[in-house]
Amino acid sequence: MPTQQNTHYLSHVLDSLFAFVGIIKTDGCVIKANRSALQAAALREEDVIGQPLTRTYWWSHSKLEQKRMEKAIQQASGGEPVRYEAMLQISNGQLIPVDLMLAPVFTNDDSVQNIVLSAVDISATRKVQEQLRVTNERFSVALKSAPVSVFSMDENLRYTWMYNSRLGHKPEEIIGKTDEEIILDAEARNRTIFLKQWVLERDQGLQEEMKVQHNGEPHYFQLILEPLHDQYGEITGLIGASVDITERKEREELLLKQSNELKLRNQELDAFAYTVAHDLKNAISSTIGFASLIESYYDRMPKEEVLEYTRLITDGGQKMKSIINNLMMLSGVSRAETPPMTILNMHRIVEDAINQLTSMPQYEDATINLPDEWPNTTGHGPWVEDVWTNLISNALKYGGKPPMIDIKAEVANDQEVCFQITDNGVGIPPAQQHRLFKPFTRIDEKYAEGHGLGLSIVQSIVGKLGGKVWIESETEQGSTFSFTLPKA
């Protein structure tokens with residue numbers, strides 16, 4: 001009777017379980033199957049009791065699963081517990097994943113008497129795992145394509161996890177280490193450690209922009225930190241994200257620089273506009289004044305006086321024309337796209353520029369020395385002629401008396417040809433030189449007069465053609481203007 005009671009009690013316990021549970025002999029035949037296992041497959045006890053387990057409905061769907069079960073029974077019969085995941089067939093041919101376990105039951109002499117088999121439906125677990133896998137994949141793809149690093153640290157501020165390091169670290173180079181061992185930039189390292197300690201001590205999240213020097217380059221990050229807690233609310237570490245905002249900061253700095261340059265440019269433009277307006281007004285006033293004198297007193301004026309006033313009127317008109325032409329030239333070059341580049345006949349271009357200046361009073365006594373050979377270079381002929389016209393005219397105006405001008409040309413390197421024009425004038429002090437190429441400034445008229453446009457045009461043209469221009473000069477020692485153009 002006790003044995004029958006125990007058997008009845010065991011059967012009752014097995015039937016009350018939601019898991020699929022059965023008892024089989026060491027030869028694999030079924031002794032008992034609980035209610036959950038039978039009902040799930042719409043089976044009766046007589047359908048399975050005494051039958052080899054691998055031939056029952058649960059395993060009839062797959063020979064592979066049958067072979068796996070035969071091997072598991074063999075291992076369990078030898079006294080070794082077995083656990084693996086399998087696909088179990090239930091009613092209507094539906095297959096479900098189960099966590100399967102075979103546990104041997106031993107007699108007093110340690111031989112295996114029976115095997116207890118349990119199968120737990122893990123469909124929900126599998127579904128959650130698949131959802132987590134998809135979510136993780138999406139998360140990984142999003143992080144890989146985004147400038148974001150995500151990490152976690154323990155209460156000792158050692159990294160426990162890192163994904164998508166923005167500074168090129170591999171996870172194995174970081175896990176278990178602290179910022180002391182990883183961040184080379186001392187200032188950024190100390191600030192980062194301070195902020196993370198603050199989060200742990202205050203149990204409060206924060207955000208702050210950080211600048212880190214890495215491989216000699218500045219990198220900017222938005223650091224986001226939050227404390228981590230266990231189930232009891234105790235702080236166990238922190239989790240953080242580091243968003244790379246380097247491009248944004250560079251754009252902000254560029255916009256700020258451009259804004260400041262624009263403000264300065266506008267201030268210079270205002271000052272220059274006033275200067276040009278003043279000079280044009282003087283030229284116009286003089287022209288009108290002399291014309292009015294001729295109109296009022298022409299019949300009483302000596303012919304020589306009329307001719308002198310006429311000459312002054314012509315000079316005023318030429319001065320206004322020069323101002324307007326230079327303004328148009330500077331504006332046109334500044335806005336124009338770079339024209340097609342061709343190989344230049346520099347000797348011909350320089351001669352044409354000199355021929356334009358023969359009417360200058362200084363030209364008559366001037367000596368201009370040209371090189372015997374001109375290295376091949378590329379550029380836009382009309383623009384380069386304007387460069388030479390401006391530089392040679394300046395050398396004539398501000399050279400010695402008489403002007404002595406030396407022009408040289410030589411290959412500077414594999415990519416550039418350098419041209420130089422040296423005069424014997426009073427020179428330009430270093431303190432004045434930095435203002436020479438600014439279009440809206442004047443320097444001391446002892447060294448230059450006019451509206452500060454000629455050299456600005458030179459710089460704008462040379463820059464558009466891929467070269468650069470500069471001056472070397474000392475007071476009372478003349479000046480050398482140099483510029484480069486691409487080598488042909």
# chains A, B, ... in the order shown; residues from 1 in each chain; ligands from 1
>>> select_by_dssp(residues="segment 382-450 of chain A", states="helix (DSSP H, G or I)", output="PDB file with all heavy atoms, in the first residue's frame")
ATOM      1  N   PRO A 382      45.281  87.470 -69.867  1.00  0.00           N
ATOM      2  CA  PRO A 382      44.832  88.837 -69.537  1.00  0.00           C
ATOM      3  C   PRO A 382      44.985  89.168 -68.056  1.00  0.00           C
ATOM      4  O   PRO A 382      45.348  90.295 -67.698  1.00  0.00           O
ATOM      5  CB  PRO A 382      43.356  88.826 -69.958  1.00  0.00           C
ATOM      6  CG  PRO A 382      43.272  87.776 -71.021  1.00  0.00           C
ATOM      7  CD  PRO A 382      44.244  86.724 -70.609  1.00  0.00           C
ATOM      8  N   TRP A 383      44.702  88.198 -67.199  1.00  0.00           N
ATOM      9  CA  TRP A 383      44.836  88.455 -65.762  1.00  0.00           C
ATOM     10  C   TRP A 383      46.305  88.634 -65.379  1.00  0.00           C
ATOM     11  O   TRP A 383      46.641  89.542 -64.605  1.00  0.00           O
ATOM     12  CB  TRP A 383      44.244  87.292 -64.963  1.00  0.00           C
ATOM     13  CG  TRP A 383      42.744  87.320 -64.845  1.00  0.00           C
ATOM     14  CD1 TRP A 383      41.893  88.119 -65.547  1.00  0.00           C
ATOM     15  CD2 TRP A 383      41.949  86.509 -63.992  1.00  0.00           C
ATOM     16  NE1 TRP A 383      40.599  87.863 -65.183  1.00  0.00           N
ATOM     17  CE2 TRP A 383      40.595  86.874 -64.219  1.00  0.00           C
ATOM     18  CE3 TRP A 383      42.221  85.509 -63.073  1.00  0.00           C
ATOM     19  CZ2 TRP A 383      39.538  86.269 -63.551  1.00  0.00           C
ATOM     20  CZ3 TRP A 383      41.167  84.913 -62.399  1.00  0.00           C
ATOM     21  CH2 TRP A 383      39.830  85.285 -62.634  1.00  0.00           C
ATOM     22  N   VAL A 384      47.172  87.785 -65.902  1.00  0.00           N
ATOM     23  CA  VAL A 384      48.590  87.883 -65.563  1.00  0.00           C
ATOM     24  C   VAL A 384      49.170  89.199 -66.076  1.00  0.00           C
ATOM     25  O   VAL A 384      50.031  89.818 -65.426  1.00  0.00           O
ATOM     26  CB  VAL A 384      49.367  86.672 -66.127  1.00  0.00           C
ATOM     27  CG1 VAL A 384      50.871  86.817 -65.865  1.00  0.00           C
ATOM     28  CG2 VAL A 384      48.854  85.376 -65.511  1.00  0.00           C
ATOM     29  N   GLU A 385      48.704  89.670 -67.212  1.00  0.00           N
ATOM     30  CA  GLU A 385      49.159  90.979 -67.723  1.00  0.00           C
ATOM     31  C   GLU A 385      48.766  92.091 -66.753  1.00  0.00           C
ATOM     32  O   GLU A 385      49.549  93.029 -66.510  1.00  0.00           O
ATOM     33  CB  GLU A 385      48.546  91.243 -69.101  1.00  0.00           C
ATOM     34  CG  GLU A 385      49.074  92.532 -69.751  1.00  0.00           C
ATOM     35  CD  GLU A 385      48.553  92.721 -71.158  1.00  0.00           C
ATOM     36  OE1 GLU A 385      48.389  91.709 -71.869  1.00  0.00           O
ATOM     37  OE2 GLU A 385      48.312  93.892 -71.545  1.00  0.00           O
ATOM     38  N   ASP A 386      47.569  91.992 -66.150  1.00  0.00           N
ATOM     39  CA  ASP A 386      47.159  92.988 -65.154  1.00  0.00           C
ATOM     40  C   ASP A 386      48.075  92.942 -63.928  1.00  0.00           C
ATOM     41  O   ASP A 386      48.370  93.983 -63.325  1.00  0.00           O
ATOM     42  CB  ASP A 386      45.709  92.745 -64.727  1.00  0.00           C
ATOM     43  CG  ASP A 386      44.706  93.225 -65.771  1.00  0.00           C
ATOM     44  OD1 ASP A 386      44.967  94.260 -66.410  1.00  0.00           O
ATOM     45  OD2 ASP A 386      43.668  92.562 -65.945  1.00  0.00           O
ATOM     46  N   VAL A 387      48.504  91.726 -63.550  1.00  0.00           N
ATOM     47  CA  VAL A 387      49.424  91.602 -62.423  1.00  0.00           C
ATOM     48  C   VAL A 387      50.712  92.357 -62.711  1.00  0.00           C
ATOM     49  O   VAL A 387      51.187  93.170 -61.897  1.00  0.00           O
ATOM     50  CB  VAL A 387      49.726  90.111 -62.130  1.00  0.00           C
ATOM     51  CG1 VAL A 387      50.889  89.989 -61.140  1.00  0.00           C
ATOM     52  CG2 VAL A 387      48.493  89.409 -61.575  1.00  0.00           C
ATOM     53  N   TRP A 388      51.316  92.103 -63.888  1.00  0.00           N
ATOM     54  CA  TRP A 388      52.564  92.782 -64.242  1.00  0.00           C
ATOM     55  C   TRP A 388      52.359  94.289 -64.381  1.00  0.00           C
ATOM     56  O   TRP A 388      53.222  95.074 -63.960  1.00  0.00           O
ATOM     57  CB  TRP A 388      53.113  92.213 -65.556  1.00  0.00           C
ATOM     58  CG  TRP A 388      53.795  90.886 -65.404  1.00  0.00           C
ATOM     59  CD1 TRP A 388      53.404  89.692 -65.917  1.00  0.00           C
ATOM     60  CD2 TRP A 388      55.002  90.622 -64.681  1.00  0.00           C
ATOM     61  NE1 TRP A 388      54.272  88.695 -65.572  1.00  0.00           N
ATOM     62  CE2 TRP A 388      55.281  89.238 -64.809  1.00  0.00           C
ATOM     63  CE3 TRP A 388      55.879  91.409 -63.941  1.00  0.00           C
ATOM     64  CZ2 TRP A 388      56.394  88.638 -64.236  1.00  0.00           C
ATOM     65  CZ3 TRP A 388      56.988  90.799 -63.362  1.00  0.00           C
ATOM     66  CH2 TRP A 388      57.235  89.441 -63.502  1.00  0.00           C
ATOM     67  N   THR A 389      51.249  94.711 -64.949  1.00  0.00           N
ATOM     68  CA  THR A 389      50.989  96.152 -65.110  1.00  0.00           C
ATOM     69  C   THR A 389      50.974  96.839 -63.753  1.00  0.00           C
ATOM     70  O   THR A 389      51.572  97.915 -63.572  1.00  0.00           O
ATOM     71  CB  THR A 389      49.647  96.373 -65.830  1.00  0.00           C
ATOM     72  OG1 THR A 389      49.702  95.751 -67.119  1.00  0.00           O
ATOM     73  CG2 THR A 389      49.370  97.861 -66.013  1.00  0.00           C
ATOM     74  N   ASN A 390      50.297  96.224 -62.780  1.00  0.00           N
ATOM     75  CA  ASN A 390      50.232  96.823 -61.445  1.00  0.00           C
ATOM     76  C   ASN A 390      51.599  96.850 -60.773  1.00  0.00           C
ATOM     77  O   ASN A 390      52.001  97.875 -60.193  1.00  0.00           O
ATOM     78  CB  ASN A 390      49.242  96.040 -60.573  1.00  0.00           C
ATOM     79  CG  ASN A 390      47.819  96.518 -60.723  1.00  0.00           C
ATOM     80  OD1 ASN A 390      47.490  97.640 -60.344  1.00  0.00           O
ATOM     81  ND2 ASN A 390      46.977  95.683 -61.297  1.00  0.00           N
ATOM     82  N   LEU A 391      52.331  95.743 -60.847  1.00  0.00           N
ATOM     83  CA  LEU A 391      53.617  95.676 -60.149  1.00  0.00           C
ATOM     84  C   LEU A 391      54.659  96.596 -60.796  1.00  0.00           C
ATOM     85  O   LEU A 391      55.419  97.280 -60.085  1.00  0.00           O
ATOM     86  CB  LEU A 391      54.120  94.233 -60.128  1.00  0.00           C
ATOM     87  CG  LEU A 391      53.297  93.239 -59.293  1.00  0.00           C
ATOM     88  CD1 LEU A 391      53.875  91.828 -59.413  1.00  0.00           C
ATOM     89  CD2 LEU A 391      53.246  93.668 -57.834  1.00  0.00           C
ATOM     90  N   ILE A 392      54.716  96.624 -62.122  1.00  0.00           N
ATOM     91  CA  ILE A 392      55.716  97.482 -62.799  1.00  0.00           C
ATOM     92  C   ILE A 392      55.367  98.948 -62.611  1.00  0.00           C
ATOM     93  O   ILE A 392      56.258  99.790 -62.393  1.00  0.00           O
ATOM     94  CB  ILE A 392      55.817  97.110 -64.288  1.00  0.00           C
ATOM     95  CG1 ILE A 392      56.340  95.685 -64.437  1.00  0.00           C
ATOM     96  CG2 ILE A 392      56.756  98.075 -65.015  1.00  0.00           C
ATOM     97  CD1 ILE A 392      56.310  95.164 -65.864  1.00  0.00           C
ATOM     98  N   SER A 393      54.069  99.283 -62.672  1.00  0.00           N
ATOM     99  CA  SER A 393      53.682 100.691 -62.469  1.00  0.00           C
ATOM    100  C   SER A 393      54.037 101.153 -61.057  1.00  0.00           C
ATOM    101  O   SER A 393      54.483 102.288 -60.852  1.00  0.00           O
ATOM    102  CB  SER A 393      52.189 100.879 -62.743  1.00  0.00           C
ATOM    103  OG  SER A 393      51.410 100.185 -61.786  1.00  0.00           O
ATOM    104  N   ASN A 394      53.866 100.251 -60.060  1.00  0.00           N
ATOM    105  CA  ASN A 394      54.267 100.598 -58.694  1.00  0.00           C
ATOM    106  C   ASN A 394      55.781 100.808 -58.604  1.00  0.00           C
ATOM    107  O   ASN A 394      56.267 101.733 -57.929  1.00  0.00           O
ATOM    108  CB  ASN A 394      53.855  99.492 -57.724  1.00  0.00           C
ATOM    109  CG  ASN A 394      52.387  99.564 -57.358  1.00  0.00           C
ATOM    110  OD1 ASN A 394      51.720 100.553 -57.623  1.00  0.00           O
ATOM    111  ND2 ASN A 394      51.873  98.499 -56.758  1.00  0.00           N
ATOM    112  N   ALA A 395      56.538  99.933 -59.287  1.00  0.00           N
ATOM    113  CA  ALA A 395      57.999 100.073 -59.271  1.00  0.00           C
ATOM    114  C   ALA A 395      58.444 101.381 -59.925  1.00  0.00           C
ATOM    115  O   ALA A 395      59.422 102.008 -59.496  1.00  0.00           O
ATOM    116  CB  ALA A 395      58.638  98.876 -59.979  1.00  0.00           C
ATOM    117  N   LEU A 396      57.732 101.819 -60.957  1.00  0.00           N
ATOM    118  CA  LEU A 396      58.050 103.100 -61.602  1.00  0.00           C
ATOM    119  C   LEU A 396      57.703 104.276 -60.688  1.00  0.00           C
ATOM    120  O   LEU A 396      58.474 105.233 -60.548  1.00  0.00           O
ATOM    121  CB  LEU A 396      57.289 103.219 -62.924  1.00  0.00           C
ATOM    122  CG  LEU A 396      57.746 102.300 -64.062  1.00  0.00           C
ATOM    123  CD1 LEU A 396      56.772 102.379 -65.235  1.00  0.00           C
ATOM    124  CD2 LEU A 396      59.156 102.698 -64.538  1.00  0.00           C
ATOM    125  N   LYS A 397      56.522 104.193 -60.043  1.00  0.00           N
ATOM    126  CA  LYS A 397      56.066 105.297 -59.195  1.00  0.00           C
ATOM    127  C   LYS A 397      56.945 105.464 -57.965  1.00  0.00           C
ATOM    128  O   LYS A 397      57.306 106.574 -57.583  1.00  0.00           O
ATOM    129  CB  LYS A 397      54.626 105.043 -58.730  1.00  0.00           C
ATOM    130  CG  LYS A 397      53.568 105.207 -59.791  1.00  0.00           C
ATOM    131  CD  LYS A 397      52.208 104.909 -59.147  1.00  0.00           C
ATOM    132  CE  LYS A 397      51.134 104.758 -60.178  1.00  0.00           C
ATOM    133  NZ  LYS A 397      49.842 104.373 -59.557  1.00  0.00           N
ATOM    134  N   TYR A 398      57.257 104.340 -57.304  1.00  0.00           N
ATOM    135  CA  TYR A 398      57.899 104.410 -56.003  1.00  0.00           C
ATOM    136  C   TYR A 398      59.356 103.977 -56.034  1.00  0.00           C
ATOM    137  O   TYR A 398      59.982 103.813 -54.989  1.00  0.00           O
ATOM    138  CB  TYR A 398      57.114 103.556 -54.997  1.00  0.00           C
ATOM    139  CG  TYR A 398      55.640 103.832 -55.053  1.00  0.00           C
ATOM    140  CD1 TYR A 398      54.735 102.826 -55.365  1.00  0.00           C
ATOM    141  CD2 TYR A 398      55.151 105.124 -54.839  1.00  0.00           C
ATOM    142  CE1 TYR A 398      53.372 103.075 -55.435  1.00  0.00           C
ATOM    143  CE2 TYR A 398      53.790 105.394 -54.918  1.00  0.00           C
ATOM    144  CZ  TYR A 398      52.910 104.370 -55.217  1.00  0.00           C
ATOM    145  OH  TYR A 398      51.571 104.635 -55.301  1.00  0.00           O
ATOM    146  N   PRO A 430      58.450  97.211 -42.258  1.00  0.00           N
ATOM    147  CA  PRO A 430      57.704  95.985 -41.933  1.00  0.00           C
ATOM    148  C   PRO A 430      56.343  96.260 -41.310  1.00  0.00           C
ATOM    149  O   PRO A 430      55.385  95.537 -41.567  1.00  0.00           O
ATOM    150  CB  PRO A 430      58.635  95.260 -40.949  1.00  0.00           C
ATOM    151  CG  PRO A 430      60.019  95.726 -41.332  1.00  0.00           C
ATOM    152  CD  PRO A 430      59.842  97.166 -41.759  1.00  0.00           C
ATOM    153  N   ALA A 431      56.247  97.310 -40.501  1.00  0.00           N
ATOM    154  CA  ALA A 431      54.975  97.613 -39.836  1.00  0.00           C
ATOM    155  C   ALA A 431      53.875  97.984 -40.818  1.00  0.00           C
ATOM    156  O   ALA A 431      52.685  97.882 -40.506  1.00  0.00           O
ATOM    157  CB  ALA A 431      55.176  98.742 -38.828  1.00  0.00           C
ATOM    158  N   GLN A 432      54.257  98.444 -42.018  1.00  0.00           N
ATOM    159  CA  GLN A 432      53.274  98.855 -43.026  1.00  0.00           C
ATOM    160  C   GLN A 432      52.951  97.727 -44.004  1.00  0.00           C
ATOM    161  O   GLN A 432      51.929  97.755 -44.680  1.00  0.00           O
ATOM    162  CB  GLN A 432      53.825 100.055 -43.817  1.00  0.00           C
ATOM    163  CG  GLN A 432      54.090 101.297 -43.002  1.00  0.00           C
ATOM    164  CD  GLN A 432      52.868 102.211 -42.947  1.00  0.00           C
ATOM    165  OE1 GLN A 432      51.859 101.966 -43.582  1.00  0.00           O
ATOM    166  NE2 GLN A 432      52.997 103.273 -42.173  1.00  0.00           N
ATOM    167  N   GLN A 433      53.845  96.729 -44.088  1.00  0.00           N
ATOM    168  CA  GLN A 433      53.730  95.741 -45.166  1.00  0.00           C
ATOM    169  C   GLN A 433      52.460  94.898 -45.089  1.00  0.00           C
ATOM    170  O   GLN A 433      51.893  94.531 -46.122  1.00  0.00           O
ATOM    171  CB  GLN A 433      54.965  94.827 -45.159  1.00  0.00           C
ATOM    172  CG  GLN A 433      56.240  95.542 -45.569  1.00  0.00           C
ATOM    173  CD  GLN A 433      57.471  94.661 -45.421  1.00  0.00           C
ATOM    174  OE1 GLN A 433      57.368  93.442 -45.301  1.00  0.00           O
ATOM    175  NE2 GLN A 433      58.645  95.284 -45.420  1.00  0.00           N
TER     176      GLN A 433
END
>>> closest_atom_pairs(of="segment 78-144 of chain A", to="segment 29-35 of chain A", cutoff="10 Å", atoms="only C-alpha atoms", output="Markdown table")
| residue | atom | partner | partner_atom | distance |
| --- | --- | --- | --- | --- |
| A:Asn114 | CA | A:Ile31 | CA | 9.0 |
| A:Ile115 | CA | A:Val30 | CA | 9.6 |
| A:Val116 | CA | A:Lys32 | CA | 9.3 |
| A:Leu117 | CA | A:Ala33 | CA | 9.1 |
| A:Ser118 | CA | A:Ala33 | CA | 9.8 |
>>> residues_around(residues="Leu184 of chain A", least_positions_apart="3", cutoff="10 Å", atoms="only C-alpha atoms", output="VMD selection string")
chain A and resid 179 to 181 187 to 189 212 to 215
>>> closest_residue(among="A:Thr358, A:Ser123, A:Asn190, A:Gln89", to="Trp59 of chain A", atoms="only C-alpha atoms")
A:Gln89
>>> closest_residue(among="A:Gln75, A:Gly466, A:Pro371, A:Asp185", to="Pro339 of chain A", atoms="only C-alpha atoms")
A:Gly466
>>> select_by_dssp(residues="segment 207-354 of chain A", states="strand (DSSP E or B)", output="PyMOL selection string")
chain A and resi 207-214+217-229+235-244+342-343
>>> write_last_selection(atoms="C-alpha atoms", output="PDB file, in the first residue's frame")
ATOM      1  CA  GLN A 207      25.748  66.252 -19.825  1.00  0.00           C
ATOM      2  CA  GLU A 208      28.830  68.240 -20.776  1.00  0.00           C
ATOM      3  CA  GLU A 209      30.835  69.071 -23.889  1.00  0.00           C
ATOM      4  CA  MET A 210      34.412  67.779 -23.854  1.00  0.00           C
ATOM      5  CA  LYS A 211      37.498  68.500 -25.945  1.00  0.00           C
ATOM      6  CA  VAL A 212      40.028  65.680 -26.355  1.00  0.00           C
ATOM      7  CA  GLN A 213      43.353  65.834 -28.166  1.00  0.00           C
ATOM      8  CA  HIS A 214      43.831  62.583 -30.093  1.00  0.00           C
ATOM      9  CA  GLU A 217      43.937  66.611 -33.574  1.00  0.00           C
ATOM     10  CA  PRO A 218      41.169  68.125 -31.418  1.00  0.00           C
ATOM     11  CA  HIS A 219      37.994  66.052 -31.066  1.00  0.00           C
ATOM     12  CA  TYR A 220      34.800  67.330 -29.462  1.00  0.00           C
ATOM     13  CA  PHE A 221      32.271  65.135 -27.638  1.00  0.00           C
ATOM     14  CA  GLN A 222      28.949  65.535 -25.879  1.00  0.00           C
ATOM     15  CA  LEU A 223      29.390  63.353 -22.770  1.00  0.00           C
ATOM     16  CA  ILE A 224      26.166  61.952 -21.263  1.00  0.00           C
ATOM     17  CA  LEU A 225      26.349  60.092 -17.931  1.00  0.00           C
ATOM     18  CA  GLU A 226      23.674  58.357 -15.804  1.00  0.00           C
ATOM     19  CA  PRO A 227      24.093  56.291 -12.581  1.00  0.00           C
ATOM     20  CA  LEU A 228      23.272  52.551 -12.624  1.00  0.00           C
ATOM     21  CA  HIS A 229      21.341  50.930  -9.733  1.00  0.00           C
ATOM     22  CA  ILE A 235      24.534  52.477  -7.137  1.00  0.00           C
ATOM     23  CA  THR A 236      26.511  49.818  -8.980  1.00  0.00           C
ATOM     24  CA  GLY A 237      28.228  52.010 -11.558  1.00  0.00           C
ATOM     25  CA  LEU A 238      27.236  54.215 -14.436  1.00  0.00           C
ATOM     26  CA  ILE A 239      26.250  54.079 -18.072  1.00  0.00           C
ATOM     27  CA  GLY A 240      27.288  56.704 -20.568  1.00  0.00           C
ATOM     28  CA  ALA A 241      27.250  57.837 -24.159  1.00  0.00           C
ATOM     29  CA  SER A 242      29.815  59.938 -25.959  1.00  0.00           C
ATOM     30  CA  VAL A 243      28.503  61.746 -29.042  1.00  0.00           C
ATOM     31  CA  ASP A 244      31.160  62.944 -31.489  1.00  0.00           C
ATOM     32  CA  THR A 342      47.001  77.801 -70.649  1.00  0.00           C
ATOM     33  CA  ILE A 343      50.770  77.844 -71.109  1.00  0.00           C
TER      34      ILE A 343
END
